[in-house]
Amino acid sequence: MIEHVPMEDHRKGAAALDEARLRQQAIGVKLRQMFDEVVNEAVPDEFLDILRKAEPPAGEK
Amino acid sequence: MTETQVGRSPFDPQRDTLFKKELVTLIPHLRAFARTLTGDPTAADDLAQDAMMKAWDARASFQLGTNMKAWTFMILRNQFYSEKRRSWRQSQLDQEAAERTLVAVDDPEAPVALDELRLSLGMLPAEQREALILVGAGGFAYEEAAEICGCAVGTVKSRVSRARRALQAILEAGAYDRDGRSAGDAMGSILADAERLSSLR
């Protein structure tokens, strides 16, 4: 029960929670950085070429 | 052009143009998601191109104005898993791909922590990894991630939370597959890097 936890342990627990939260936030930042690095890469021309060839422009059949 | 092609016909050039425009803006995101699924830049681009063409071919079934990003991610994910099922050698290939990626990202300028994060991510079960990527990096709500993965919202929530805990534990223990290289202090560099990045903002 929470009232029986000595003050010292209580504080340690809170500090550990803060530390865990900090680490999770840091991991989150790096995860987004990892993903965004690829998002920010230039898209290879191939992608647009394929899409361009996929459908003839309107009027051509 | 014939008159019958205009209007509500499935071959509506105006609608196609709108669709294509939006699809093009999603290519970078599809590439990034594919990279996290395959772990290999070349295989990822093949997968992203396949998904892009599948989306294009299925454009008539997409309702303009709804969430095209989630829709295309779902197509890409389905494509990935159906290819995976077809290939009995896939686990072997995954391993080789992971090794190639390691070499590919071996840029001395690149922050060490990112490599270690990639390796650690690679150790998570696939369903935990994709849930964490979608919610933690792709910017999807739990509900959207659930739709993309074809599972319940609660399942996504528990996968994300398990993935977060496992990732932290792997990084702290230096338990990622280092291929004989020294452990380093992955968690330490991630913390330092995150601090640096947030101070830049």
# chains A, B, ... in the order shown; residues from 1 in each chain; ligands from 1
call {"tool": "closest_atom_pairs", "arguments": {"of": "chain B", "to": "chain A", "cutoff": "6 Å", "atoms": "only C-alpha atoms", "output": "Markdown table"}}
result
| residue | atom | partner | partner_atom | distance |
| --- | --- | --- | --- | --- |
| B:Met1 | CA | A:Gly59 | CA | 4.5 |
| B:Pro28 | CA | A:Val39 | CA | 4.6 |
| B:His29 | CA | A:Val39 | CA | 5.4 |
| B:Ala32 | CA | A:Val38 | CA | 5.1 |
| B:Ala137 | CA | A:Arg32 | CA | 4.4 |
| B:Leu191 | CA | A:Ala26 | CA | 5.4 |
| B:Ala194 | CA | A:Ala26 | CA | 5.1 |
call {"tool": "residues_around", "arguments": {"residues": "Arg59 of chain B", "least_positions_apart": "2", "cutoff": "10 Å", "atoms": "only C-alpha atoms", "output": "PyMOL selection string"}}
result
chain B and resi 10-11+15-16+19-20+23+53-57+61-64
call {"tool": "residues_around", "arguments": {"residues": "Met123 of chain B", "least_positions_apart": "5", "cutoff": "9 Å", "atoms": "only C-alpha atoms", "output": "list in words"}}
result
Arg118, Arg129, Leu167, Ile170, Tyr176 and Asp177 of chain B
call {"tool": "write_last_selection", "arguments": {"atoms": "N, CA and C atoms", "output": "PDB file, in the first residue's frame"}}
result
ATOM      1  N   ARG B 118      18.253   1.073 -35.390  1.00  0.00           N
ATOM      2  CA  ARG B 118      17.798   0.195 -36.479  1.00  0.00           C
ATOM      3  C   ARG B 118      17.981  -1.267 -36.123  1.00  0.00           C
ATOM      4  N   ARG B 129       7.064  -4.030 -34.304  1.00  0.00           N
ATOM      5  CA  ARG B 129       7.865  -3.046 -35.024  1.00  0.00           C
ATOM      6  C   ARG B 129       6.973  -2.156 -35.880  1.00  0.00           C
ATOM      7  N   LEU B 167      12.255  -2.135 -26.798  1.00  0.00           N
ATOM      8  CA  LEU B 167      13.289  -1.356 -27.477  1.00  0.00           C
ATOM      9  C   LEU B 167      14.230  -0.715 -26.451  1.00  0.00           C
ATOM     10  N   ILE B 170      16.448  -3.383 -24.887  1.00  0.00           N
ATOM     11  CA  ILE B 170      17.502  -3.833 -25.805  1.00  0.00           C
ATOM     12  C   ILE B 170      18.617  -2.799 -25.876  1.00  0.00           C
ATOM     13  N   TYR B 176      21.411  -5.493 -28.870  1.00  0.00           N
ATOM     14  CA  TYR B 176      21.151  -5.585 -30.299  1.00  0.00           C
ATOM     15  C   TYR B 176      22.260  -6.383 -30.977  1.00  0.00           C
ATOM     16  N   ASP B 177      21.941  -6.903 -32.128  1.00  0.00           N
ATOM     17  CA  ASP B 177      22.861  -7.776 -32.850  1.00  0.00           C
ATOM     18  C   ASP B 177      24.003  -6.950 -33.434  1.00  0.00           C
TER      19      ASP B 177
END
call {"tool": "atom_distance", "arguments": {"atom1": "atom CA of Trp71 of chain B", "atom2": "atom CA of Arg159 of chain B"}}
result
20.8 Å
call {"tool": "residues_around", "arguments": {"residues": "Ala48 of chain B", "least_positions_apart": "5", "cutoff": "8 Å", "atoms": "only C-alpha atoms", "output": "PDB file with N, CA and C atoms, in the first residue's frame"}}
result
ATOM      1  N   ILE B  27       4.675   9.364 -51.890  1.00  0.00           N
ATOM      2  CA  ILE B  27       5.801   8.473 -52.231  1.00  0.00           C
ATOM      3  C   ILE B  27       6.906   8.478 -51.160  1.00  0.00           C
ATOM      4  N   LEU B  30       5.773   6.373 -48.297  1.00  0.00           N
ATOM      5  CA  LEU B  30       5.719   4.946 -48.641  1.00  0.00           C
ATOM      6  C   LEU B  30       7.123   4.348 -48.643  1.00  0.00           C
ATOM      7  N   ARG B  31       8.082   5.119 -49.157  1.00  0.00           N
ATOM      8  CA  ARG B  31       9.465   4.630 -49.172  1.00  0.00           C
ATOM      9  C   ARG B  31       9.981   4.411 -47.753  1.00  0.00           C
ATOM     10  N   ALA B  34       8.300   1.361 -46.214  1.00  0.00           N
ATOM     11  CA  ALA B  34       8.835   0.155 -46.844  1.00  0.00           C
ATOM     12  C   ALA B  34      10.234  -0.161 -46.323  1.00  0.00           C
ATOM     13  N   LEU B  76       0.565  -1.169 -49.131  1.00  0.00           N
ATOM     14  CA  LEU B  76       1.986  -1.519 -49.077  1.00  0.00           C
ATOM     15  C   LEU B  76       2.234  -2.662 -48.081  1.00  0.00           C
TER      16      LEU B  76
END
call {"tool": "atom_distance", "arguments": {"atom1": "atom CA of Ala146 of chain B", "atom2": "atom CA of Leu18 of chain B"}}
result
26.8 Å
call {"tool": "closest_residue", "arguments": {"among": "B:Glu130, B:Asp193, B:Glu116, B:Glu143", "to": "Ala173 of chain B", "atoms": "only C-alpha atoms"}}
result
B:Glu116
call {"tool": "select_by_dssp", "arguments": {"residues": "chain A", "states": "helix (DSSP H, G or I)", "output": "ChimeraX atom specification"}}
result
/A:2-4,7-39,45-54
